[in-house]
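> Following this line is target.cif, made up of mmCIF, C-alpha atoms and all ligand atoms:
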data_input
loop_
_atom_site.label_atom_id
_atom_site.label_comp_id
_atom_site.auth_asym_id
_atom_site.auth_seq_id
_atom_site.Cartn_x
_atom_site.Cartn_y
_atom_site.Cartn_z
CA MET F 1 -15.12 28.44 -12.01
CA ALA F 2 -15.68 24.98 -10.54
CA ALA F 3 -12.68 22.67 -10.71
CA ARG F 4 -13.28 19.59 -12.82
CA ALA F 5 -14.26 16.73 -10.53
CA TRP F 6 -11.72 13.95 -10.12
CA PRO F 7 -12.88 11.04 -12.34
CA GLY F 8 -10.83 8.18 -10.84
CA VAL F 9 -7.45 6.89 -11.99
CA ILE F 10 -8.54 5.15 -15.21
CA GLU F 11 -10.20 8.21 -16.67
CA HIS F 12 -7.56 10.65 -15.43
CA TYR F 13 -4.59 8.64 -16.72
CA ARG F 14 -6.33 6.80 -19.59
CA ARG F 15 -3.66 7.82 -22.11
CA LEU F 16 -1.08 5.90 -20.09
CA LEU F 17 -3.25 2.86 -19.33
CA PRO F 18 -4.21 -0.15 -21.47
CA VAL F 19 -7.87 0.86 -21.80
CA SER F 20 -10.08 1.81 -24.72
CA ASP F 21 -13.51 3.37 -25.06
CA ALA F 22 -14.87 -0.17 -24.83
CA THR F 23 -13.40 -0.67 -21.34
CA PRO F 24 -16.07 -0.15 -18.69
CA ARG F 25 -14.98 2.21 -15.91
CA ILE F 26 -15.66 0.33 -12.71
CA THR F 27 -14.59 3.11 -10.38
CA LEU F 28 -15.18 4.46 -6.89
CA LEU F 29 -13.16 7.57 -7.75
CA GLU F 30 -9.99 6.14 -6.22
CA GLY F 31 -6.65 7.97 -6.39
CA ASN F 32 -5.86 11.67 -6.16
CA THR F 33 -4.65 10.98 -2.62
CA PRO F 34 -2.83 13.66 -0.64
CA LEU F 35 0.94 14.02 -0.55
CA ILE F 36 1.21 15.35 2.97
CA PRO F 37 4.39 17.22 3.93
CA SER F 38 5.87 16.04 7.20
CA ALA F 39 5.54 18.69 9.88
CA HIS F 40 7.81 17.13 12.50
CA LEU F 41 9.42 13.84 11.53
CA ALA F 42 11.48 15.03 8.55
CA GLU F 43 14.03 16.72 10.77
CA ARG F 44 14.61 13.44 12.61
CA LEU F 45 15.89 11.95 9.33
CA GLY F 46 18.35 14.71 8.56
CA PRO F 47 18.66 18.50 8.31
CA GLY F 48 18.31 18.53 4.51
CA VAL F 49 15.50 15.99 4.22
CA ARG F 50 12.17 17.10 2.85
CA LEU F 51 9.76 14.27 3.70
CA LEU F 52 6.26 13.79 2.31
CA PHE F 53 3.72 11.06 2.93
CA LYS F 54 1.64 9.64 0.08
CA TYR F 55 -1.38 8.80 2.19
CA GLU F 56 -3.21 5.97 0.48
CA GLY F 57 -5.50 5.37 3.46
CA VAL F 58 -8.00 7.85 2.04
CA ASN F 59 -8.85 5.73 -0.99
CA PRO F 60 -12.44 4.37 -1.18
CA THR F 61 -11.59 1.11 0.63
CA CYS F 62 -8.81 2.82 2.58
CA SER F 63 -5.75 1.35 0.88
CA PHE F 64 -3.69 1.69 -2.32
CA LYS F 65 -5.23 -1.53 -3.64
CA ASP F 66 -8.14 0.44 -5.10
CA ARG F 67 -5.88 1.82 -7.84
CA GLY F 68 -5.06 -1.65 -9.07
CA MET F 69 -8.52 -3.05 -8.49
CA THR F 70 -10.36 -0.45 -10.57
CA MET F 71 -8.20 -1.61 -13.50
CA ALA F 72 -8.32 -5.35 -12.76
CA VAL F 73 -12.10 -5.45 -12.32
CA SER F 74 -12.80 -3.14 -15.26
CA LYS F 75 -10.68 -5.35 -17.53
CA ALA F 76 -12.22 -8.53 -16.12
CA VAL F 77 -15.69 -7.17 -16.91
CA GLU F 78 -14.53 -6.09 -20.37
CA GLU F 79 -13.36 -9.64 -20.96
CA GLY F 80 -16.70 -11.05 -19.81
CA ALA F 81 -15.77 -12.38 -16.37
CA THR F 82 -18.62 -12.96 -13.94
CA ALA F 83 -16.44 -13.71 -10.92
CA THR F 84 -13.01 -12.84 -9.56
CA ILE F 85 -10.80 -14.59 -7.03
CA CYS F 86 -7.85 -13.45 -4.94
CA ALA F 87 -5.68 -14.41 -2.00
CA SER F 88 -5.20 -11.63 0.48
CA THR F 89 -3.79 -10.46 3.77
CA GLY F 90 -6.89 -8.24 3.82
CA ASN F 91 -6.58 -5.13 1.71
CA THR F 92 -6.68 -6.77 -1.71
CA SER F 93 -9.78 -8.68 -0.61
CA ALA F 94 -11.46 -5.50 0.64
CA ALA F 95 -10.79 -3.75 -2.66
CA ALA F 96 -11.78 -6.76 -4.80
CA ALA F 97 -15.00 -7.15 -2.84
CA ALA F 98 -15.91 -3.47 -3.27
CA TYR F 99 -15.14 -3.19 -6.97
CA CYS F 100 -16.90 -6.47 -7.73
CA ALA F 101 -19.96 -5.28 -5.83
CA ARG F 102 -19.85 -2.14 -7.93
CA ALA F 103 -19.51 -4.20 -11.13
CA GLY F 104 -22.29 -6.57 -10.14
CA ILE F 105 -20.05 -9.65 -10.28
CA GLN F 106 -19.07 -12.22 -7.66
CA SER F 107 -15.91 -11.80 -5.61
CA VAL F 108 -14.26 -14.79 -3.95
CA VAL F 109 -11.51 -14.08 -1.43
CA LEU F 110 -9.18 -16.53 0.33
CA ILE F 111 -7.63 -15.19 3.50
CA PRO F 112 -5.26 -16.73 6.05
CA ASP F 113 -7.49 -17.71 8.96
CA GLY F 114 -6.79 -15.56 12.01
CA TYR F 115 -4.26 -13.27 10.32
CA VAL F 116 -6.41 -10.61 8.72
CA ALA F 117 -7.01 -7.37 10.62
CA LEU F 118 -10.58 -6.83 11.79
CA GLY F 119 -11.40 -3.79 9.64
CA LYS F 120 -10.37 -5.62 6.48
CA LEU F 121 -12.40 -8.70 7.35
CA ALA F 122 -15.38 -6.43 8.04
CA GLN F 123 -14.98 -4.89 4.58
CA ALA F 124 -14.88 -8.19 2.66
CA LEU F 125 -18.01 -9.32 4.47
CA ALA F 126 -19.82 -5.99 4.12
CA TYR F 127 -19.17 -5.75 0.39
CA GLY F 128 -20.56 -9.25 0.00
CA ALA F 129 -17.50 -11.26 -1.02
CA ARG F 130 -17.56 -15.03 -0.71
CA THR F 131 -14.99 -15.00 2.11
CA ILE F 132 -13.06 -18.19 2.75
CA ALA F 133 -10.72 -18.36 5.74
CA VAL F 134 -8.04 -20.91 4.86
CA ASP F 135 -6.07 -22.93 7.37
CA GLY F 136 -2.78 -21.70 5.92
CA ASP F 137 -0.84 -18.49 5.36
CA PHE F 138 -1.04 -15.99 2.49
CA ASP F 139 1.43 -17.94 0.38
CA ALA F 140 -0.80 -21.02 0.66
CA CYS F 141 -3.86 -18.95 -0.28
CA LEU F 142 -2.03 -17.57 -3.32
CA ARG F 143 -1.07 -21.07 -4.48
CA LEU F 144 -4.72 -22.12 -4.26
CA VAL F 145 -6.15 -19.16 -6.16
CA ARG F 146 -3.54 -19.44 -8.90
CA GLU F 147 -4.49 -23.03 -9.48
CA ILE F 148 -8.23 -22.35 -9.30
CA SER F 149 -8.04 -19.43 -11.74
CA ASP F 150 -5.87 -21.50 -14.10
CA ASN F 151 -8.51 -24.20 -14.27
CA TYR F 152 -11.89 -22.56 -13.74
CA ALA F 153 -13.81 -19.54 -15.00
CA VAL F 154 -12.78 -16.99 -12.38
CA ALA F 155 -10.50 -14.02 -13.01
CA LEU F 156 -7.42 -13.74 -10.78
CA VAL F 157 -7.11 -10.22 -9.35
CA ASN F 158 -3.95 -10.59 -7.28
CA SER F 159 -1.02 -8.45 -8.38
CA LEU F 160 0.07 -11.29 -10.69
CA ASN F 161 -2.67 -9.77 -12.83
CA PRO F 162 -0.83 -7.20 -14.98
CA PHE F 163 -3.74 -4.76 -14.86
CA ARG F 164 -3.25 -4.43 -11.10
CA ILE F 165 0.30 -3.17 -11.71
CA GLN F 166 -0.97 -0.82 -14.41
CA GLY F 167 -3.51 0.74 -12.06
CA GLN F 168 -1.11 1.04 -9.16
CA LYS F 169 1.55 2.79 -11.22
CA THR F 170 -0.73 5.86 -11.20
CA ALA F 171 0.45 6.62 -7.66
CA ALA F 172 3.93 7.39 -9.06
CA PHE F 173 2.34 9.66 -11.67
CA GLU F 174 0.47 11.52 -8.94
CA VAL F 175 3.64 12.01 -6.91
CA CYS F 176 5.43 13.51 -9.93
CA ASP F 177 2.41 15.63 -10.85
CA ALA F 178 2.24 17.01 -7.31
CA LEU F 179 5.98 17.70 -6.93
CA GLY F 180 6.67 18.68 -10.53
CA ALA F 181 9.48 16.09 -10.50
CA PRO F 182 10.17 12.69 -8.97
CA PRO F 183 11.56 12.64 -5.43
CA GLU F 184 15.18 11.56 -4.88
CA PHE F 185 13.98 8.62 -2.77
CA HIS F 186 10.72 6.71 -2.60
CA ALA F 187 10.12 4.45 0.41
CA LEU F 188 7.57 1.62 0.46
CA PRO F 189 6.62 -1.39 2.55
CA VAL F 190 7.10 -4.61 0.58
CA GLY F 191 4.94 -7.70 0.90
CA ASN F 192 3.92 -9.48 -2.27
CA ALA F 193 6.05 -6.84 -4.05
CA GLY F 194 3.40 -5.64 -6.48
CA ASN F 195 3.42 -2.06 -5.31
CA ILE F 196 7.16 -1.39 -5.58
CA THR F 197 6.97 -2.95 -9.06
CA SER F 198 4.10 -0.60 -9.92
CA TYR F 199 5.75 2.58 -8.67
CA TRP F 200 8.94 1.78 -10.52
CA LEU F 201 6.95 1.18 -13.73
CA GLY F 202 5.16 4.50 -13.25
CA TYR F 203 8.35 6.46 -12.65
CA CYS F 204 10.04 4.83 -15.66
CA GLU F 205 7.07 5.52 -17.93
CA TYR F 206 6.90 9.18 -16.94
CA ARG F 207 10.56 9.54 -17.81
CA GLU F 208 10.13 7.70 -21.12
CA GLN F 209 7.23 10.01 -21.96
CA GLY F 210 9.43 13.00 -21.20
CA VAL F 211 7.15 14.16 -18.40
CA THR F 212 10.11 13.86 -16.01
CA ASP F 213 13.84 13.73 -16.68
CA ARG F 214 15.13 11.44 -13.96
CA LEU F 215 14.23 8.54 -11.66
CA PRO F 216 14.09 8.12 -7.89
CA HIS F 217 15.98 5.55 -5.83
CA MET F 218 13.48 2.97 -4.60
CA LEU F 219 13.71 2.01 -0.92
CA GLY F 220 11.80 -1.15 0.00
CA PHE F 221 11.22 -2.35 3.54
CA GLN F 222 10.11 -5.80 4.63
CA ALA F 223 9.21 -6.96 8.13
CA ALA F 224 12.18 -8.78 9.67
CA GLY F 225 10.15 -11.98 10.18
CA ALA F 226 8.96 -11.92 6.58
CA ALA F 227 11.91 -10.61 4.61
CA PRO F 228 12.63 -13.11 1.80
CA ILE F 229 13.92 -10.50 -0.65
CA VAL F 230 16.33 -9.13 1.96
CA THR F 231 17.64 -12.51 3.04
CA GLY F 232 17.55 -13.96 -0.47
CA GLY F 233 15.53 -17.02 0.48
CA ARG F 234 11.88 -17.98 0.77
CA VAL F 235 10.51 -17.75 4.33
CA ASP F 236 8.43 -20.83 5.15
CA LYS F 237 6.83 -19.46 8.31
CA PRO F 238 6.62 -15.68 7.92
CA GLU F 239 5.83 -13.84 11.15
CA THR F 240 5.12 -10.19 11.82
CA LEU F 241 2.45 -8.18 13.56
CA ALA F 242 2.21 -6.18 10.33
CA THR F 243 -0.12 -8.84 8.92
CA ALA F 244 -0.53 -7.03 5.59
CA ILE F 245 3.08 -7.93 4.69
CA ARG F 246 3.25 -11.34 6.37
CA ILE F 247 4.41 -13.00 3.15
CA GLY F 248 7.26 -15.48 2.65
CA ASN F 249 7.33 -15.92 -1.13
CA PRO F 250 6.35 -12.73 -2.95
CA ALA F 251 4.80 -13.09 -6.39
CA ARG F 252 6.66 -10.07 -7.79
CA TRP F 253 9.99 -10.90 -6.16
CA GLU F 254 12.03 -10.66 -9.37
CA GLU F 255 10.45 -7.40 -10.50
CA ALA F 256 11.00 -5.87 -7.07
CA SER F 257 14.66 -6.90 -7.09
CA ARG F 258 15.00 -5.36 -10.52
CA ALA F 259 13.44 -2.09 -9.36
CA ILE F 260 15.89 -1.91 -6.46
CA GLU F 261 18.83 -2.71 -8.68
CA GLU F 262 17.92 -0.47 -11.61
CA SER F 263 17.13 2.47 -9.34
CA ALA F 264 20.28 1.98 -7.24
CA GLY F 265 17.97 1.65 -4.26
CA ARG F 266 17.92 -0.43 -1.11
CA ILE F 267 15.84 -3.23 0.34
CA GLU F 268 16.07 -3.67 4.11
CA ALA F 269 14.27 -5.36 6.98
CA VAL F 270 12.67 -3.58 9.92
CA SER F 271 11.75 -5.31 13.17
CA ASP F 272 8.24 -5.36 14.59
CA ASP F 273 9.42 -3.05 17.39
CA GLU F 274 10.70 -0.57 14.81
CA ILE F 275 7.43 -0.82 12.89
CA VAL F 276 5.34 -0.16 16.01
CA ALA F 277 7.52 2.78 17.06
CA ALA F 278 7.15 4.31 13.58
CA TYR F 279 3.40 3.62 13.57
CA ARG F 280 2.98 5.36 16.93
CA GLU F 281 5.07 8.34 15.83
CA LEU F 282 3.16 8.82 12.59
CA SER F 283 -0.17 9.02 14.38
CA SER F 284 0.81 10.82 17.58
CA VAL F 285 3.41 13.21 16.13
CA GLU F 286 2.26 13.81 12.52
CA GLY F 287 -1.46 13.17 13.00
CA ILE F 288 -1.47 10.53 10.27
CA PHE F 289 -3.01 7.22 11.25
CA CYS F 290 -1.87 4.35 9.05
CA GLU F 291 -1.85 0.62 9.56
CA PRO F 292 1.27 -1.11 10.96
CA ALA F 293 2.55 -2.44 7.60
CA SER F 294 2.36 1.06 6.14
CA ALA F 295 4.62 2.38 8.88
CA ALA F 296 7.39 0.06 7.66
CA SER F 297 8.22 2.74 5.08
CA TYR F 298 8.94 5.37 7.71
CA ALA F 299 10.53 2.79 10.06
CA GLY F 300 12.95 1.96 7.27
CA LEU F 301 13.77 5.59 6.65
CA LYS F 302 14.53 6.05 10.35
CA LYS F 303 16.79 3.04 10.25
CA LEU F 304 18.70 4.31 7.21
CA ALA F 305 18.96 7.77 8.79
CA ALA F 306 20.46 6.26 11.95
CA GLU F 307 23.14 4.65 9.75
CA GLY F 308 23.99 8.08 8.34
CA PHE F 309 22.33 7.38 4.99
CA PHE F 310 21.04 10.92 4.47
CA GLY F 311 23.79 12.78 6.29
CA SER F 312 23.32 16.45 5.56
CA ARG F 313 22.33 16.00 1.92
CA ARG F 314 19.38 17.95 0.60
CA CYS F 315 16.79 15.59 -0.85
CA THR F 316 13.09 14.98 -1.24
CA VAL F 317 11.85 11.69 0.20
CA VAL F 318 8.36 10.30 -0.33
CA ALA F 319 7.07 7.54 1.94
CA THR F 320 3.90 5.76 0.89
CA LEU F 321 1.53 5.05 3.75
CA THR F 322 -0.35 2.21 2.11
CA GLY F 323 -3.41 1.74 4.33
CA HIS F 324 -5.56 3.48 6.92
CA GLY F 325 -4.99 2.92 10.64
CA LEU F 326 -8.65 1.95 11.19
CA LYS F 327 -8.00 -1.20 9.16
CA ASP F 328 -6.44 -2.70 12.29
CA PRO F 329 -8.25 -1.29 15.32
CA ASP F 330 -7.05 -4.10 17.59
CA ARG F 331 -3.42 -3.14 17.06
CA ALA F 332 -4.17 0.52 17.61
CA VAL F 333 -5.77 -0.16 20.98
CA ALA F 334 -3.14 -2.71 22.01
CA THR F 335 -0.21 -0.39 21.35
CA ALA F 336 -1.62 2.72 23.03
CA ALA F 337 -2.45 3.63 26.63
CA GLU F 338 -5.94 2.65 27.79
CA PRO F 339 -8.57 5.37 28.18
CA GLU F 340 -8.57 6.89 31.66
CA GLN F 341 -11.66 6.24 33.78
CA ALA F 342 -13.62 9.02 35.47
CA PRO F 343 -16.91 9.44 37.31
CA ASP F 344 -19.64 11.73 35.92
CA ASP F 345 -18.26 14.58 38.01
CA ILE F 346 -16.73 17.84 36.82
CA ASP F 347 -14.55 18.34 39.88
CA ALA F 348 -12.96 14.93 39.48
CA ILE F 349 -12.18 15.55 35.80
CA VAL F 350 -10.86 19.08 36.39
CA GLU F 351 -8.63 17.61 39.08
CA MET F 352 -7.41 14.78 36.82
CA LEU F 353 -6.50 17.31 34.18
CA GLY F 354 -4.64 19.46 36.66
CA LEU F 355 -6.79 22.46 35.77
CA ALA F 356 -7.88 23.29 39.33
N1 LIG F 401 0.91 -2.23 2.83
C1 LIG F 401 -0.33 -2.74 2.96
C2 LIG F 401 -1.27 -2.01 3.85
C3 LIG F 401 -0.72 -3.90 2.26
O1 LIG F 401 -1.93 -4.36 2.39
C4 LIG F 401 0.23 -4.54 1.44
C5 LIG F 401 -0.11 -5.77 0.72
C6 LIG F 401 1.50 -3.97 1.34
C7 LIG F 401 1.80 -2.84 2.05
C8 LIG F 401 2.56 -4.55 0.49
O2 LIG F 401 2.29 -4.35 -0.86
O3 LIG F 401 2.17 -6.69 -1.57
O4 LIG F 401 2.34 -4.86 -3.22
O5 LIG F 401 4.28 -5.46 -1.77
N2 LIG F 401 -1.19 -6.39 0.87
C9 LIG F 401 -1.63 -7.53 0.06
C10 LIG F 401 -3.06 -7.88 0.36
C11 LIG F 401 -0.70 -8.67 0.08
O6 LIG F 401 -3.46 -9.04 0.21
O7 LIG F 401 -3.82 -7.00 0.74
P1 LIG F 401 2.81 -5.40 -1.93
#
Translate the structure of the given file into structure tokens.
Ligand code: F0G

Amino acid sequence: MAARAWPGVIEHYRRLLPVSDATPRITLLEGNTPLIPSAHLAERLGPGVRLLFKYEGVNPTCSFKDRGMTMAVSKAVEEGATATICASTGNTSAAAAAYCARAGIQSVVLIPDGYVALGKLAQALAYGARTIAVDGDFDACLRLVREISDNYAVALVNSLNPFRIQGQKTAAFEVCDALGAPPEFHALPVGNAGNITSYWLGYCEYREQGVTDRLPHMLGFQAAGAAPIVTGGRVDKPETLATAIRIGNPARWEEASRAIEESAGRIEAVSDDEIVAAYRELSSVEGIFCEPASAASYAGLKKLAAEGFFGSRRCTVVATLTGHGLKDPDRAVATAAEPEQAPDDIDAIVEMLGLA
């Protein structure tokens, strides 16, 4: 018998989402992403650690943002919007552009000029968003779109939009559905702090519904140059090569802090060097290519492990890998060895490979 086809997150989790029969389903069949068991890296964290990666890079626009955007755009259309606007470090804009194209409405995206990875810029342009590169960082872009959406007829689809959080919480549901229980720890990169807010909401709702009987500890990781929640103060000039999380004043700061506190979790900073090392390990050791910001989750776990955090305790740890590695091809090439050069000659290549 054929398995029922995956219908996208709104349809699959409609009982737990604020939708009705009147809500249009603007979907690209996002969600249902794999929870990939670590083959090699788990043992580096501790002998009792079972590590799994929630690989969000295989969503339709190659990041977790699709979960939130299917909800935000569907609700915007339900409410009669003809245009959306967002600020973005790249992934939100890619997702907004795609779902608006699908809905037949205009997408306007404001991005920090020069700080959006090439793949993400390509997506916004390909999907036909009105793409505006602002001479300012993400925080400046977010200020602008908040003010514009407050005063003009465009729907804000940043994670300040509650429907974004609703859509993204489905990732926590999927983790519990796949494992049959929540993990002991859930690690995430933190930028604007919408995603950690969403996961925590999802885990709490599943427990309230009686689907699960406990909650995980949330582990959030910011880039050291853009770590306002860790340091407890806004960062005026955030800097990190993980451009997706280059954010100095997260919109969901309070909610993220609450998730950490209520879950008895941790929020820590990881350096760019630690992020790149984790990024390289994930692709070259596990065979999972994610973007640099995504690797902050595993970089953070490594850092905690080095401090003896896991010890020999037996626990299940899920790390979300938020976006695909092809989002940022420049970084991939810059952090790896260059291709070797060879003539069109079998003997030369056999010799290079040491096969002769
Ligand atoms: N990982 C990736 C790949 C992201 O694109 C983002 C955020 C995050 C992690 C952090 O998630 O903001 O919910 O804490 N990207 C936003 C954007 C800011 O505009 O695409 P968060």
> If the box runs along x, y and z of the file and leaves 4 Å on each side of segment 257-271 of chain F, what are its centre and edge lengths in Å, one decimal, as JSON?

{"center_x": 16.0, "center_y": -2.2, "center_z": 0.8, "size_x": 16.5, "size_y": 17.4, "size_z": 32.8}
> At what distance in Å, to one decimal, does atom CA of Ala242 of chain F lie from atom CA of Ala336 of chain F?
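Distance reported for this atom pair: 16.0 Å.
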> Given all atoms listed in the file, how would the per-residue table for chain F near ligand LIG 401 (chain F) read, listing every residue at most 7 Å away with its closest atom pair and distance in Å to one decimal, sorted by chain and number, as JSON lines?

{"residue": "F:Ser63", "atom": "CA", "partner": "F:LIG401", "partner_atom": "C2", "distance": 6.3}
{"residue": "F:Ala87", "atom": "CA", "partner": "F:LIG401", "partner_atom": "O6", "distance": 6.2}
{"residue": "F:Ser88", "atom": "CA", "partner": "F:LIG401", "partner_atom": "O6", "distance": 3.1}
{"residue": "F:Thr89", "atom": "CA", "partner": "F:LIG401", "partner_atom": "O6", "distance": 3.8}
{"residue": "F:Gly90", "atom": "CA", "partner": "F:LIG401", "partner_atom": "O7", "distance": 4.5}
{"residue": "F:Asn91", "atom": "CA", "partner": "F:LIG401", "partner_atom": "O7", "distance": 3.5}
{"residue": "F:Thr92", "atom": "CA", "partner": "F:LIG401", "partner_atom": "O7", "distance": 3.8}
{"residue": "F:Ser93", "atom": "CA", "partner": "F:LIG401", "partner_atom": "O7", "distance": 6.3}
{"residue": "F:Pro189", "atom": "CA", "partner": "F:LIG401", "partner_atom": "C7", "distance": 5.1}
{"residue": "F:Val190", "atom": "CA", "partner": "F:LIG401", "partner_atom": "O5", "distance": 3.8}
{"residue": "F:Gly191", "atom": "CA", "partner": "F:LIG401", "partner_atom": "O5", "distance": 3.5}
{"residue": "F:Asn192", "atom": "CA", "partner": "F:LIG401", "partner_atom": "O3", "distance": 3.4}
{"residue": "F:Ala193", "atom": "CA", "partner": "F:LIG401", "partner_atom": "O5", "distance": 3.2}
{"residue": "F:Gly194", "atom": "CA", "partner": "F:LIG401", "partner_atom": "O4", "distance": 3.5}
{"residue": "F:Asn195", "atom": "CA", "partner": "F:LIG401", "partner_atom": "O4", "distance": 3.7}
{"residue": "F:Ile196", "atom": "CA", "partner": "F:LIG401", "partner_atom": "O5", "distance": 6.3}
{"residue": "F:Ala244", "atom": "CA", "partner": "F:LIG401", "partner_atom": "O1", "distance": 4.4}
{"residue": "F:Ile245", "atom": "CA", "partner": "F:LIG401", "partner_atom": "C8", "distance": 5.4}
{"residue": "F:Glu291", "atom": "CA", "partner": "F:LIG401", "partner_atom": "C2", "distance": 6.3}
{"residue": "F:Ala293", "atom": "CA", "partner": "F:LIG401", "partner_atom": "N1", "distance": 5.0}
{"residue": "F:Ser294", "atom": "CA", "partner": "F:LIG401", "partner_atom": "N1", "distance": 4.9}
{"residue": "F:Thr322", "atom": "CA", "partner": "F:LIG401", "partner_atom": "C2", "distance": 4.7}
{"residue": "F:Gly323", "atom": "CA", "partner": "F:LIG401", "partner_atom": "C2", "distance": 4.3}
> What does the distance between atom CA of Arg246 of chain F and atom CA of Val333 of chain F come to in Å, to one decimal place?
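A separation of 20.5 Å between them.
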> List as a PyMOL selection string the protein and nucleic acid residues near Ala224 of chain F, meaning an atom at most 7 Å away when all atoms listed in the file are counted, but skip any in the same chain fewer than 4 places from it.
chain F and resi 269-271
> Give me, please, the distance in Å between atom CA of Tyr206 of chain F and atom CA of Arg14 of chain F, quoted to one decimal.
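Answer for the atom CA of Tyr206 of chain F to atom CA of Arg14 of chain F separation: 13.7 Å.
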> For segment 312-315 of chain F, find every residue with an atom within 6 Å (counting only C-alpha atoms), except residues of its own chain fewer than 6 positions away, and show them as a ChimeraX atom specification.
/F:47-49,184
> Which one of F:Thr243, F:Glu262, F:Ala306, F:Leu282 sits closest to Ala117 of chain F if you count all atoms listed in the file?
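Ranking F:Thr243, F:Glu262, F:Ala306, F:Leu282 by distance to Ala117 of chain F, first place goes to F:Thr243.
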> Just want the 6 Å neighbourhood of segment 295-299 of chain F, counted on only C-alpha atoms, with same-chain residues fewer than 3 positions away dropped. Output as number ranges by chain.
F: 187-189, 274-275, 278-279, 292, 302, 319
> Could you save the residues just selected, with C-alpha atoms, as a short mmCIF file (atom, residue, chain, number, x, y, z; two decimals), keeping the file's coordinate frame?

data_model
loop_
_atom_site.label_atom_id
_atom_site.label_comp_id
_atom_site.auth_asym_id
_atom_site.auth_seq_id
_atom_site.Cartn_x
_atom_site.Cartn_y
_atom_site.Cartn_z
CA ALA F 187 10.12 4.45 0.41
CA LEU F 188 7.57 1.62 0.46
CA PRO F 189 6.62 -1.39 2.55
CA GLU F 274 10.70 -0.57 14.81
CA ILE F 275 7.43 -0.82 12.89
CA ALA F 278 7.15 4.31 13.58
CA TYR F 279 3.40 3.62 13.57
CA PRO F 292 1.27 -1.11 10.96
CA LYS F 302 14.53 6.05 10.35
CA ALA F 319 7.07 7.54 1.94
#
> Taking into account all atoms listed in the file, which residue in the set F:His186, F:Lys54, F:Arg67, F:Lys75 is nearest to Arg25 of chain F?
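Among F:His186, F:Lys54, F:Arg67, F:Lys75, it is F:Lys75 that comes nearest to Arg25 of chain F.
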> Pick out the closest residue to Arg143 of chain F from this set: F:Gly80, F:His12, F:Ile85, F:Asp330. Count all atoms listed in the file.
F:Ile85
> Identify which of the residues F:Val211, F:Ala103, F:Val276, F:Leu160 lies closest to Ser198 of chain F, counting all atoms listed in the file when measuring atom-to-atom distances.
F:Leu160
> Nearest to Thr240 of chain F: which of F:Cys290, F:Val116, F:Ile267, F:Ile111 is it, counting all atoms listed in the file?
F:Val116
> Point out the residue among F:Val73, F:Phe173, F:Glu338, F:Ala95 with the least atom-to-atom distance to Gln209 of chain F, counting only C-alpha atoms.
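The closest residue to Gln209 of chain F is F:Phe173.
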> Need the neighbours of (5.6, 12.7, -20.3): which residues are at most 12 Å away, counting only C-alpha atoms, as a count of residues only?
21
